[in-house]
file my_file_21.tsv (TSV, C-alpha atoms and all ligand atoms)
chain	number	residue	atom	x	y	z
A	1	MET	CA	-5.62	7.11	-10.59
A	2	LYS	CA	-6.57	4.82	-7.74
A	3	LEU	CA	-4.03	3.53	-5.23
A	4	GLY	CA	-4.57	0.65	-2.81
A	5	VAL	CA	-2.11	0.84	0.06
A	6	THR	CA	-1.50	-1.33	3.08
A	7	GLY	CA	1.17	-2.76	5.36
A	8	ASP	CA	1.66	-4.89	8.49
A	9	ILE	CA	-0.31	-7.86	7.14
A	10	HIS	CA	2.15	-10.04	9.06
A	11	SER	CA	0.81	-12.97	7.04
A	12	PRO	CA	-0.54	-15.40	8.09
A	13	LEU	CA	-1.62	-13.29	11.10
A	14	TYR	CA	-3.88	-10.76	9.32
A	15	PHE	CA	-4.09	-12.51	5.95
A	16	ASN	CA	-7.85	-13.10	6.23
A	17	LEU	CA	-8.48	-9.47	7.18
A	18	PHE	CA	-6.42	-8.44	4.14
A	19	SER	CA	-8.19	-10.87	1.83
A	20	GLU	CA	-11.67	-9.81	2.99
A	21	SER	CA	-10.76	-6.14	2.55
A	22	LEU	CA	-9.46	-6.83	-0.96
A	23	LYS	CA	-12.81	-8.41	-1.87
A	24	LYS	CA	-14.67	-5.27	-0.80
A	25	ILE	CA	-12.74	-2.78	-2.94
A	26	SER	CA	-12.81	-2.18	-6.67
A	27	CYS	CA	-9.56	-2.92	-8.48
A	28	PRO	CA	-6.93	-0.19	-7.86
A	29	ASP	CA	-4.49	0.86	-10.61
A	30	ILE	CA	-1.54	0.44	-8.27
A	31	MET	CA	-1.05	-1.49	-5.06
A	32	LEU	CA	1.60	-0.32	-2.63
A	33	LEU	CA	2.78	-2.60	0.16
A	34	CYS	CA	4.46	-0.75	3.02
A	35	GLY	CA	6.35	-3.62	4.59
A	36	ASP	CA	5.85	-6.25	7.32
A	37	ILE	CA	3.76	-8.20	4.84
A	38	VAL	CA	4.87	-11.45	6.47
A	39	LYS	CA	5.35	-12.57	10.04
A	40	SER	CA	8.95	-13.17	11.16
A	41	ASN	CA	10.48	-13.51	7.68
A	42	MET	CA	8.02	-16.21	6.50
A	43	HIS	CA	8.85	-15.37	2.87
A	44	TRP	CA	6.56	-18.03	1.38
A	45	GLU	CA	3.63	-16.06	2.80
A	46	TYR	CA	4.60	-13.07	0.64
A	47	LYS	CA	3.78	-14.95	-2.54
A	48	LYS	CA	0.34	-15.76	-1.13
A	49	VAL	CA	-0.38	-12.06	-0.59
A	50	VAL	CA	0.93	-11.05	-4.02
A	51	ASP	CA	-1.07	-13.81	-5.75
A	52	GLU	CA	-4.23	-12.56	-4.04
A	53	ILE	CA	-3.56	-9.03	-5.38
A	54	LYS	CA	-2.75	-10.33	-8.87
A	55	ASN	CA	-5.98	-12.37	-8.89
A	56	LYS	CA	-7.85	-9.16	-8.15
A	57	GLY	CA	-6.51	-7.86	-11.46
A	58	VAL	CA	-3.97	-5.31	-10.20
A	59	ASN	CA	-1.20	-4.83	-12.76
A	60	TYR	CA	1.23	-2.71	-10.76
A	61	ILE	CA	2.36	-3.96	-7.35
A	62	TYR	CA	5.23	-2.29	-5.50
A	63	SER	CA	6.66	-2.92	-2.07
A	64	CYS	CA	9.23	-1.59	0.32
A	65	PHE	CA	10.81	-3.80	2.97
A	66	GLY	CA	9.61	-3.90	6.56
A	67	ASN	CA	11.59	-5.09	9.55
A	68	THR	CA	9.94	-8.54	9.41
A	69	GLU	CA	11.36	-9.05	5.91
A	70	TYR	CA	14.91	-9.73	7.02
A	71	ASP	CA	17.92	-8.24	5.24
A	72	ASN	CA	19.55	-11.61	4.66
A	73	SER	CA	16.48	-12.82	2.71
A	74	ARG	CA	16.09	-9.81	0.41
A	75	GLY	CA	17.11	-11.91	-2.58
A	76	LEU	CA	14.27	-14.36	-1.92
A	77	TYR	CA	11.68	-11.60	-1.76
A	78	LYS	CA	12.96	-9.93	-4.91
A	79	LYS	CA	12.45	-13.17	-6.82
A	80	ILE	CA	8.69	-13.20	-6.14
A	81	ASP	CA	6.83	-12.83	-9.39
A	82	GLY	CA	4.49	-9.87	-9.80
A	83	VAL	CA	5.89	-7.48	-7.20
A	84	LEU	CA	8.71	-4.99	-7.56
A	85	PHE	CA	10.63	-4.07	-4.42
A	86	VAL	CA	11.51	-0.40	-4.21
A	87	ASP	CA	14.33	-0.31	-1.73
A	88	ASP	CA	15.84	3.17	-1.36
A	89	GLU	CA	15.03	3.59	-5.01
A	90	LEU	CA	12.98	5.68	-7.40
A	91	VAL	CA	10.67	4.04	-9.89
A	92	ASN	CA	8.90	5.74	-12.78
A	93	VAL	CA	5.39	4.54	-13.46
A	94	GLU	CA	3.28	5.68	-16.37
A	95	ILE	CA	-0.42	4.88	-16.37
A	96	GLU	CA	-3.06	6.52	-18.55
A	97	ASN	CA	-0.64	9.28	-19.60
A	98	LYS	CA	0.10	10.15	-15.97
A	99	ARG	CA	3.71	10.07	-14.85
A	100	ILE	CA	4.24	8.93	-11.31
A	101	CYS	CA	7.44	9.05	-9.26
A	102	LEU	CA	7.47	6.34	-6.63
A	103	ILE	CA	10.16	6.48	-3.97
A	104	GLY	CA	10.25	3.52	-1.59
A	105	THR	CA	12.30	2.84	1.52
A	106	ARG	CA	12.19	0.94	4.79
A	107	GLY	CA	12.78	4.32	6.42
A	108	ALA	CA	14.72	4.99	9.59
A	109	LEU	CA	14.43	5.03	13.36
A	110	ASN	CA	15.42	8.03	15.42
A	111	LYS	CA	16.88	5.58	17.91
A	112	PRO	CA	17.76	2.05	16.78
A	113	THR	CA	16.16	-0.67	18.90
A	114	ALA	CA	18.30	-2.47	21.49
A	115	TRP	CA	18.33	-5.53	19.19
A	116	GLN	CA	19.50	-3.44	16.23
A	117	MET	CA	22.24	-1.77	18.31
A	118	LYS	CA	23.49	-5.19	19.37
A	119	ASN	CA	23.17	-6.98	16.02
A	120	ARG	CA	23.52	-4.31	13.35
A	121	LYS	CA	26.86	-2.58	13.58
A	122	GLY	CA	26.71	0.94	12.15
A	123	ILE	CA	22.91	1.00	12.03
A	124	LYS	CA	22.68	4.60	13.28
A	125	ARG	CA	24.98	5.78	10.52
A	126	ASP	CA	23.07	3.65	7.99
A	127	TYR	CA	19.80	5.36	8.98
A	128	GLY	CA	21.41	8.77	8.47
A	129	ASP	CA	22.75	7.68	5.09
A	130	ARG	CA	19.33	6.39	4.09
A	131	ILE	CA	17.67	9.75	4.79
A	132	LYS	CA	20.35	11.45	2.67
A	133	LYS	CA	19.75	8.93	-0.09
A	134	ILE	CA	16.00	9.59	-0.13
A	135	GLU	CA	16.72	13.32	-0.23
A	136	HIS	CA	19.02	12.70	-3.17
A	137	LEU	CA	16.30	10.71	-4.98
A	138	PHE	CA	13.87	13.59	-4.52
A	139	GLU	CA	16.49	15.98	-5.88
A	140	LYS	CA	16.79	13.73	-8.91
A	141	ALA	CA	12.99	13.62	-9.25
A	142	SER	CA	12.75	17.40	-9.15
A	143	LYS	CA	14.57	17.52	-12.50
A	144	THR	CA	11.71	15.62	-14.18
A	145	LYS	CA	8.11	16.60	-14.68
A	146	TYR	CA	5.81	14.26	-12.81
A	147	ASP	CA	2.07	14.35	-12.29
A	148	TYR	CA	2.48	12.76	-8.86
A	149	LYS	CA	5.33	12.15	-6.46
A	150	ILE	CA	4.75	9.47	-3.84
A	151	LEU	CA	6.91	8.41	-0.91
A	152	PHE	CA	6.05	5.04	0.60
A	153	MET	CA	7.93	3.54	3.49
A	154	HIS	CA	7.71	1.18	6.44
A	155	TYR	CA	8.80	3.16	9.51
A	156	SER	CA	7.04	6.46	10.18
A	157	PRO	CA	8.51	9.71	8.81
A	158	THR	CA	6.88	11.69	11.64
A	159	TYR	CA	5.69	11.27	15.22
A	160	LYS	CA	2.32	12.80	14.30
A	161	THR	CA	0.92	9.50	12.99
A	162	LEU	CA	2.30	7.62	16.01
A	163	LYS	CA	-0.11	9.34	18.40
A	164	GLY	CA	-1.81	6.49	20.27
A	165	GLU	CA	1.38	4.48	20.66
A	166	ASP	CA	3.48	4.57	23.84
A	167	GLU	CA	5.19	7.98	23.60
A	168	GLY	CA	8.37	6.54	25.06
A	169	ARG	CA	8.67	4.31	21.99
A	170	TYR	CA	8.16	6.94	19.28
A	171	ASP	CA	11.86	7.15	18.50
A	172	GLU	CA	11.99	3.39	17.95
A	173	MET	CA	9.10	3.56	15.48
A	174	GLY	CA	10.08	6.32	13.13
A	175	CYS	CA	12.34	9.24	12.44
A	176	PRO	CA	11.06	12.83	12.19
A	177	ASP	CA	14.16	13.83	10.21
A	178	PHE	CA	12.05	12.77	7.23
A	179	GLU	CA	9.79	15.75	7.96
A	180	GLY	CA	12.56	17.96	6.62
A	181	VAL	CA	12.65	15.95	3.40
A	182	ILE	CA	8.86	16.24	3.08
A	183	LYS	CA	9.01	19.99	3.74
A	184	LYS	CA	11.71	20.49	1.13
A	185	PHE	CA	10.32	18.33	-1.68
A	186	MET	CA	6.58	18.26	-0.95
A	187	PRO	CA	5.55	14.87	-2.32
A	188	ASP	CA	1.84	14.63	-3.12
A	189	VAL	CA	1.32	11.95	-0.52
A	190	VAL	CA	3.33	9.83	1.95
A	191	PHE	CA	2.42	6.36	3.22
A	192	HIS	CA	3.91	4.30	6.03
A	193	ALA	CA	3.05	1.34	8.24
A	194	HIS	CA	4.72	-0.25	11.33
A	195	SER	CA	2.47	1.53	13.86
A	196	HIS	CA	-0.48	-0.71	14.74
A	197	TYR	CA	-1.88	1.62	17.42
A	198	GLY	CA	-1.06	5.03	15.99
A	199	THR	CA	-3.08	7.60	14.06
A	200	LYS	CA	-4.36	7.03	10.55
A	201	TYR	CA	-3.71	10.48	9.14
A	202	ALA	CA	-1.71	13.64	9.74
A	203	GLU	CA	-0.29	16.46	7.69
A	204	VAL	CA	3.39	17.36	7.61
A	205	TYR	CA	3.94	20.83	6.18
A	206	GLY	CA	0.70	20.41	4.24
A	207	THR	CA	1.61	16.99	2.84
A	208	PRO	CA	-0.87	14.21	3.66
A	209	VAL	CA	0.75	11.35	5.57
A	210	TYR	CA	-1.21	8.12	5.93
A	211	ASN	CA	-0.42	5.39	8.42
A	212	VAL	CA	-1.82	2.47	6.41
A	213	SER	CA	-1.09	-0.26	8.98
A	214	LEU	CA	-3.74	-2.95	8.39
A	215	PRO	CA	-4.40	-3.75	12.09
A	216	LEU	CA	-5.02	-0.01	12.65
A	217	ASN	CA	-7.19	0.67	9.57
A	218	LYS	CA	-8.88	-2.77	9.43
A	219	GLU	CA	-9.01	-2.25	5.66
A	220	ILE	CA	-6.85	-1.48	2.64
A	221	LYS	CA	-6.47	2.27	2.28
A	222	ILE	CA	-7.78	3.58	-1.03
A	223	ILE	CA	-6.58	6.92	-2.32
A	224	ASP	CA	-7.84	8.52	-5.50
A	225	LEU	CA	-5.20	10.88	-6.81
A	226	GLU	CA	-7.59	12.74	-9.10
B	1	FE	FE	7.35	-3.12	11.40

call {"tool": "encode", "arguments": {"input": "my_file_21.tsv", "output": "structure tokens"}}
result
Amino acid sequence: MKLGVTGDIHSPLYFNLFSESLKKISCPDIMLLCGDIVKSNMHWEYKKVVDEIKNKGVNYIYSCFGNTEYDNSRGLYKKIDGVLFVDDELVNVEIENKRICLIGTRGALNKPTAWQMKNRKGIKRDYGDRIKKIEHLFEKASKTKYDYKILFMHYSPTYKTLKGEDEGRYDEMGCPDFEGVIKKFMPDVVFHAHSHYGTKYAEVYGTPVYNVSLPLNKEIKIIDLE
């Protein structure tokens, strides 16, 4: 079971880098997009990215929202053909007799940005609620037998993969409260983006966490689950 995972394409900014990387890899079974696929809510760019992946022959494309896909345009993104947005949701995928649990979320920030504090009333509470919701989804997943459980998100679930960024900004790039969720439910793998200058890989209580940000990795991350 091969996964292709990326984020922070900020299309059109890194579209060519993305496209060139896609040409170099063999076709993955599933493509996961970890948010910030377009620059500043340029939603028409999203279709361009998805079409490129579809043309590669990928049948299963899933995405969470990043902060550059604005909340008030969610409806527009969800209408794009060929990609399913997993937004604080759990999706069951079955490929080649393997059952996969995919949980997707934008994630949370330990400290909302100044802009969010000013423009998003109740954002701190919303972040707390979101973590509880993801925990609840994992609880639900634990009642079913899966071959793989995957958490993919935009903001980082740990500070470990932010190493390389300005330390003073860690709490505006992720929320380590997710580490508790990872510890409790032990997904097989966790992916996130948002951190262009962080660290590509870390382990959280033994769970592999990949920062798949395209500007950091310079390529689409390929993970073989078998
Ligand atoms: Fe971001």

call {"tool": "closest_residue", "arguments": {"input": "my_file_21.tsv", "among": "A:Thr68, A:Ser40, A:Ser19, A:Ser73", "to": "Ile53 of chain A", "atoms": "all atoms listed in the file"}}
result
A:Ser19

call {"tool": "closest_residue", "arguments": {"input": "my_file_21.tsv", "among": "A:Phe65, A:Phe85, A:Tyr14, A:Phe185", "to": "ligand FE 1 (chain B)", "atoms": "all atoms listed in the file"}}
result
A:Phe65

call {"tool": "closest_atom_pairs", "arguments": {"input": "my_file_21.tsv", "of": "chain A", "to": "ligand FE 1 (chain B)", "cutoff": "9 Å", "atoms": "only C-alpha atoms and all ligand atoms", "output": "CSV"}}
result
residue,atom,partner,partner_atom,distance
A:Gly7,CA,B:FE1,FE,8.6
A:Asp8,CA,B:FE1,FE,6.6
A:His10,CA,B:FE1,FE,9.0
A:Gly35,CA,B:FE1,FE,6.9
A:Asp36,CA,B:FE1,FE,5.4
A:Gly66,CA,B:FE1,FE,5.4
A:Asn67,CA,B:FE1,FE,5.0
A:Thr68,CA,B:FE1,FE,6.3
A:His154,CA,B:FE1,FE,6.6
A:Tyr155,CA,B:FE1,FE,6.7
A:Met173,CA,B:FE1,FE,8.0
A:Ala193,CA,B:FE1,FE,7.0
A:His194,CA,B:FE1,FE,3.9
A:Ser195,CA,B:FE1,FE,7.2
A:His196,CA,B:FE1,FE,8.8

call {"tool": "closest_residue", "arguments": {"input": "my_file_21.tsv", "among": "A:Ile123, A:Pro187, A:Lys47, A:Trp115", "to": "Cys101 of chain A", "atoms": "only C-alpha atoms"}}
result
A:Pro187

call {"tool": "residues_near_point", "arguments": {"input": "my_file_21.tsv", "point": "(18.5, 5.8, 0.8)", "cutoff": "9 Å", "atoms": "only C-alpha atoms", "output": "ChimeraX atom specification"}}
result
/A:87-89,104-107,126-137

call {"tool": "atom_distance", "arguments": {"input": "my_file_21.tsv", "atom1": "atom CA of Glu203 of chain A", "atom2": "atom CA of Lys160 of chain A"}}
result
8.0 Å

call {"tool": "closest_residue", "arguments": {"input": "my_file_21.tsv", "among": "A:Gly180, A:Ala141, A:Tyr62, A:Tyr146", "to": "Val86 of chain A", "atoms": "only C-alpha atoms"}}
result
A:Tyr62

call {"tool": "atom_distance", "arguments": {"input": "my_file_21.tsv", "atom1": "atom CA of Leu3 of chain A", "atom2": "atom CA of Ser156 of chain A"}}
result
19.2 Å

call {"tool": "atom_distance", "arguments": {"input": "my_file_21.tsv", "atom1": "atom CA of Pro215 of chain A", "atom2": "atom CA of Leu84 of chain A"}}
result
23.7 Å

call {"tool": "closest_residue", "arguments": {"input": "my_file_21.tsv", "among": "A:Asp224, A:Asn211, A:Leu216, A:Leu162", "to": "Tyr148 of chain A", "atoms": "all atoms listed in the file"}}
result
A:Asp224

call {"tool": "residues_around", "arguments": {"input": "my_file_21.tsv", "residues": "Leu225 of chain A", "least_positions_apart": "4", "cutoff": "12 Å", "atoms": "only C-alpha atoms", "output": "list in words"}}
result
Met1, Lys2, Leu3, Gly4, Pro28, Asp29, Ile30, Lys98, Ile100, Asp147, Tyr148, Lys149, Ile150, Asp188, Val189 and Pro208 of chain A

call {"tool": "residues_around", "arguments": {"input": "my_file_21.tsv", "residues": "Thr158 of chain A", "least_positions_apart": "4", "cutoff": "12 Å", "atoms": "only C-alpha atoms", "output": "tab-separated table (two decimals) with C-alpha atoms, in the frame of the given file"}}
result
chain	number	residue	atom	x	y	z
A	107	GLY	CA	12.78	4.32	6.42
A	108	ALA	CA	14.72	4.99	9.59
A	109	LEU	CA	14.43	5.03	13.36
A	110	ASN	CA	15.42	8.03	15.42
A	153	MET	CA	7.93	3.54	3.49
A	154	HIS	CA	7.71	1.18	6.44
A	162	LEU	CA	2.30	7.62	16.01
A	163	LYS	CA	-0.11	9.34	18.40
A	170	TYR	CA	8.16	6.94	19.28
A	171	ASP	CA	11.86	7.15	18.50
A	172	GLU	CA	11.99	3.39	17.95
A	173	MET	CA	9.10	3.56	15.48
A	174	GLY	CA	10.08	6.32	13.13
A	175	CYS	CA	12.34	9.24	12.44
A	176	PRO	CA	11.06	12.83	12.19
A	177	ASP	CA	14.16	13.83	10.21
A	178	PHE	CA	12.05	12.77	7.23
A	179	GLU	CA	9.79	15.75	7.96
A	180	GLY	CA	12.56	17.96	6.62
A	181	VAL	CA	12.65	15.95	3.40
A	182	ILE	CA	8.86	16.24	3.08
A	183	LYS	CA	9.01	19.99	3.74
A	190	VAL	CA	3.33	9.83	1.95
A	191	PHE	CA	2.42	6.36	3.22
A	192	HIS	CA	3.91	4.30	6.03
A	193	ALA	CA	3.05	1.34	8.24
A	195	SER	CA	2.47	1.53	13.86
A	198	GLY	CA	-1.06	5.03	15.99
A	199	THR	CA	-3.08	7.60	14.06
A	201	TYR	CA	-3.71	10.48	9.14
A	202	ALA	CA	-1.71	13.64	9.74
A	203	GLU	CA	-0.29	16.46	7.69
A	204	VAL	CA	3.39	17.36	7.61
A	205	TYR	CA	3.94	20.83	6.18
A	207	THR	CA	1.61	16.99	2.84
A	208	PRO	CA	-0.87	14.21	3.66
A	209	VAL	CA	0.75	11.35	5.57
A	210	TYR	CA	-1.21	8.12	5.93
A	211	ASN	CA	-0.42	5.39	8.42

call {"tool": "axis_aligned_box", "arguments": {"input": "my_file_21.tsv", "around": "segment 71-83 of chain A", "padding_each_side": "6 Å", "output": "AutoDock Vina command-line options"}}
result
--center_x 12.0 --center_y -10.9 --center_z -2.3 --size_x 27.1 --size_y 18.9 --size_z 27.0

call {"tool": "residues_near_point", "arguments": {"input": "my_file_21.tsv", "point": "(1.7, -13.7, 7.2)", "cutoff": "6 Å", "atoms": "only C-alpha atoms", "output": "JSON, numbers by chain"}}
result
{"A": [10, 11, 12, 13, 38, 39, 45]}
